[in-house]
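> Once you've had a glance at the structure underneath, I'll fire off some questions.
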Amino acid sequence: MLNSDPKLLPYGLRASVRALLIAVFALTAVGCATAPASNDAEAVAEYQETNDPAEPTMRAIFAFNQALDKAIVKPVAKAYREVAPEKVRLGVHNVLNNLRAPVIFLNDLMQGEFERALATLIRFLVNSTAGIFGLSDTAADLGIEFRDEDFGQTLATWNVPEGPYLMLPVFGPSNPRDAVGRVVDFFIDPLNIWAGNTETDWVAPAQTSAMAVDFRARHYETIEDLERSSLDFYAAVRSLYRQHRKDEINNGVANDDMSFPEIE
């Protein structure tokens, strides 16, 4: 079992808890959006549809995340694209997907998707062996495509409401349901359990950082174009995040063209 002493908790878990606490504080702190007058039906409907009651605070956090991206993630991703050949970057992406397979498998089971769980298990076994620890997506060549699942999606299939929109510091777009899902996924991930029991606390932040750089590098131009063309980049990210999550919940198919990096 994981260490129970808060001082000994793995770094990734401590970071997740801190982000959640900050998000909760943001929702109760000053800077909340002012609700429209109840007699303005159109404004009330728009306010409810946006479902972003702490928008001023969320925009401030978004600005912080953008600054962090421009200072660290974007330069690292750009250098990574310039130094690493495309085949190397693809291999890293495949390994990162393969490392998520146990969490995806468990969420498949919790959703009652037993056929998908079997496919996920076969993918993991094939790619971990014939695919050399996932460097090659051999399973996809056999017709077993990658399908992403997480506990946030699992909660959605259990009809748990998503709650208001959140912009988590460092981690990016979310909502209470997905934020809880992130923490649960951390706890059930065998890699994190192993890291917590072997005092290798660097594993979780290293994996998350690698995923952020991988995503930023793969979608470098798309993100830059979206930021340049959007009249309101914050609103665009909010809309795309919700569309992406809805697509994943309804279909269980990864479509990360519509998502944004979550970094640690």
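We name chains A, B, ... following the order of the structure tokens; residues begin at 1 in each chain, and ligands are numbered from 1 as shown.
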Can you pull out every residue within 10 Å of region 150-156 of chain A, counting only C-alpha atoms, but drop anything in the same chain fewer than 5 positions away, and send it as a PyMOL selection string?

chain A and resi 100+103-112+161-162+174-186+188+245-246+248-250+252

> For Leu135 (chain A), find every residue with an atom within 12 Å (counting only C-alpha atoms), except residues of its own chain fewer than 2 positions away, and show them as JSON, numbers by chain.

{"A": [87, 88, 89, 90, 91, 92, 93, 94, 95, 96, 97, 98, 99, 124, 126, 127, 128, 129, 130, 131, 132, 133, 137, 138, 139]}

> Would you work out the distance separating CA of Asp148 (chain A) from CA of Phe114 (chain A), expressed in Å to one decimal?

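If I compute the distance from CA of Asp148 (chain A) to CA of Phe114 (chain A), I get 14.3 Å.
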
> Mind checking DSSP for region 138-215 of chain A and telling me the strand (DSSP E or B) residues as a list of chain:residue names?

A:Leu166, A:Met167, A:Leu168, A:Gly172, A:Pro173, A:Ser174

> What is the CA of Met167 (chain A) to CA of Ser209 (chain A) distance in Å?

18.1 Å

> Each residue of region 35-104 of chain A lying at most 9 Å from region 224-238 of chain A should get a row with its shortest atom-to-atom pair and the distance in Å to one decimal, counting only C-alpha atoms; could you produce that, ordered by chain and increasing number, as a Markdown table?


```
| residue | atom | partner | partner_atom | distance |
| --- | --- | --- | --- | --- |
| A:Arg59 | CA | A:Tyr234 | CA | 6.9 |
| A:Phe62 | CA | A:Tyr234 | CA | 7.1 |
| A:Ala63 | CA | A:Tyr234 | CA | 8.8 |
```

> Write out as a short mmCIF file (atom, residue, chain, number, x, y, z; two decimals) with N, CA and C atoms, in the first residue's frame all residues of region 94-162 of chain A that DSSP puts in alpha helix (DSSP H) for this structure's backbone.


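part01.cif, freshly written:
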```
data_model
loop_
_atom_site.label_atom_id
_atom_site.label_comp_id
_atom_site.auth_asym_id
_atom_site.auth_seq_id
_atom_site.Cartn_x
_atom_site.Cartn_y
_atom_site.Cartn_z
N ASN A 94 4.17 6.17 -28.36
CA ASN A 94 3.64 4.81 -28.20
C ASN A 94 3.93 4.25 -26.81
N VAL A 95 5.12 4.51 -26.29
CA VAL A 95 5.48 4.04 -24.95
C VAL A 95 4.57 4.69 -23.90
N LEU A 96 4.34 5.99 -24.04
CA LEU A 96 3.48 6.69 -23.08
C LEU A 96 2.05 6.15 -23.11
N ASN A 97 1.55 5.86 -24.30
CA ASN A 97 0.22 5.25 -24.40
C ASN A 97 0.20 3.87 -23.75
N ASN A 98 1.27 3.12 -23.96
CA ASN A 98 1.34 1.76 -23.41
C ASN A 98 1.38 1.80 -21.88
N LEU A 99 2.05 2.79 -21.31
CA LEU A 99 2.13 2.90 -19.86
C LEU A 99 0.76 3.19 -19.24
N ALA A 101 -2.00 1.84 -20.27
CA ALA A 101 -2.88 0.70 -20.53
C ALA A 101 -3.50 0.10 -19.26
N PRO A 102 -2.75 -0.11 -18.15
CA PRO A 102 -3.38 -0.68 -16.96
C PRO A 102 -4.52 0.17 -16.41
N VAL A 103 -4.35 1.49 -16.42
CA VAL A 103 -5.42 2.38 -15.94
C VAL A 103 -6.61 2.33 -16.88
N ILE A 104 -6.35 2.31 -18.16
CA ILE A 104 -7.44 2.20 -19.14
C ILE A 104 -8.19 0.89 -18.96
N PHE A 105 -7.44 -0.20 -18.75
CA PHE A 105 -8.04 -1.51 -18.54
C PHE A 105 -8.97 -1.51 -17.32
N LEU A 106 -8.51 -0.94 -16.21
CA LEU A 106 -9.33 -0.90 -15.00
C LEU A 106 -10.59 -0.07 -15.20
N ASN A 107 -10.47 1.03 -15.92
CA ASN A 107 -11.65 1.85 -16.18
C ASN A 107 -12.61 1.18 -17.15
N ASP A 108 -12.08 0.43 -18.11
CA ASP A 108 -12.95 -0.37 -18.97
C ASP A 108 -13.80 -1.32 -18.14
N LEU A 109 -13.16 -1.99 -17.19
CA LEU A 109 -13.87 -2.93 -16.32
C LEU A 109 -14.93 -2.22 -15.48
N MET A 110 -14.56 -1.07 -14.89
CA MET A 110 -15.50 -0.35 -14.05
C MET A 110 -16.69 0.19 -14.83
N PHE A 114 -16.44 -4.97 -21.09
CA PHE A 114 -15.54 -6.11 -20.96
C PHE A 114 -14.83 -6.46 -22.27
N GLU A 115 -15.48 -6.25 -23.40
CA GLU A 115 -14.82 -6.51 -24.67
C GLU A 115 -13.68 -5.52 -24.89
N ARG A 116 -13.94 -4.24 -24.55
CA ARG A 116 -12.89 -3.24 -24.68
C ARG A 116 -11.77 -3.51 -23.69
N ALA A 117 -12.13 -3.99 -22.49
CA ALA A 117 -11.10 -4.32 -21.50
C ALA A 117 -10.18 -5.42 -22.03
N LEU A 118 -10.78 -6.41 -22.67
CA LEU A 118 -9.98 -7.49 -23.25
C LEU A 118 -9.07 -6.96 -24.35
N ALA A 119 -9.60 -6.07 -25.18
CA ALA A 119 -8.80 -5.48 -26.25
C ALA A 119 -7.64 -4.66 -25.68
N THR A 120 -7.92 -3.93 -24.60
CA THR A 120 -6.88 -3.13 -23.96
C THR A 120 -5.79 -4.04 -23.39
N LEU A 121 -6.20 -5.14 -22.76
CA LEU A 121 -5.24 -6.09 -22.20
C LEU A 121 -4.38 -6.71 -23.29
N ILE A 122 -5.01 -7.10 -24.40
CA ILE A 122 -4.26 -7.69 -25.51
C ILE A 122 -3.28 -6.68 -26.09
N ARG A 123 -3.74 -5.42 -26.24
CA ARG A 123 -2.85 -4.37 -26.74
C ARG A 123 -1.62 -4.25 -25.85
N PHE A 124 -1.85 -4.23 -24.55
CA PHE A 124 -0.75 -4.06 -23.61
C PHE A 124 0.25 -5.22 -23.71
N LEU A 125 -0.26 -6.45 -23.77
CA LEU A 125 0.61 -7.63 -23.83
C LEU A 125 1.38 -7.66 -25.14
N VAL A 126 0.69 -7.37 -26.24
CA VAL A 126 1.35 -7.40 -27.55
C VAL A 126 2.41 -6.31 -27.66
N ASN A 127 2.04 -5.08 -27.28
CA ASN A 127 2.98 -3.96 -27.42
C ASN A 127 4.12 -4.04 -26.43
N SER A 128 3.89 -4.65 -25.27
CA SER A 128 4.96 -4.77 -24.27
C SER A 128 5.97 -5.84 -24.64
N THR A 129 5.58 -6.73 -25.52
CA THR A 129 6.47 -7.82 -25.93
C THR A 129 6.94 -7.62 -27.37
N THR A 138 2.48 -2.34 -32.31
CA THR A 138 2.24 -3.57 -33.07
C THR A 138 0.76 -3.96 -33.03
N ALA A 139 0.11 -3.72 -31.91
CA ALA A 139 -1.30 -4.07 -31.77
C ALA A 139 -2.16 -3.31 -32.78
N ALA A 140 -1.83 -2.04 -33.03
CA ALA A 140 -2.59 -1.27 -34.01
C ALA A 140 -2.41 -1.87 -35.40
N ASP A 141 -1.21 -2.36 -35.69
CA ASP A 141 -0.97 -3.02 -36.98
C ASP A 141 -1.82 -4.27 -37.13
N PHE A 151 -10.89 7.69 -15.12
CA PHE A 151 -11.94 7.60 -14.11
C PHE A 151 -12.94 8.75 -14.22
N GLY A 152 -12.52 9.86 -14.79
CA GLY A 152 -13.48 10.92 -15.06
C GLY A 152 -14.55 10.45 -16.02
N GLN A 153 -14.16 9.72 -17.05
CA GLN A 153 -15.13 9.14 -17.98
C GLN A 153 -15.98 8.07 -17.28
N THR A 154 -15.34 7.30 -16.43
CA THR A 154 -16.08 6.28 -15.69
C THR A 154 -17.17 6.92 -14.84
N LEU A 155 -16.84 8.00 -14.13
CA LEU A 155 -17.85 8.70 -13.33
C LEU A 155 -18.98 9.21 -14.21
N ALA A 156 -18.66 9.66 -15.40
CA ALA A 156 -19.69 10.15 -16.32
C ALA A 156 -20.63 9.03 -16.71
N THR A 157 -20.08 7.83 -16.94
CA THR A 157 -20.95 6.70 -17.29
C THR A 157 -21.81 6.27 -16.11
#
```

> How many Å lie between CA of Arg242 (chain A) and CA of Leu168 (chain A), rounded to one decimal?

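Between CA of Arg242 (chain A) and CA of Leu168 (chain A) the gap is 14.7 Å.
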
> Which residue gives the smallest distance to Gln66 (chain A) among A:Met211, A:Ala195, A:Ala206, A:Ile223, with only C-alpha atoms counted?

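Of A:Met211, A:Ala195, A:Ala206, A:Ile223, the one nearest Gln66 (chain A) is A:Ile223, counting only C-alpha atoms.
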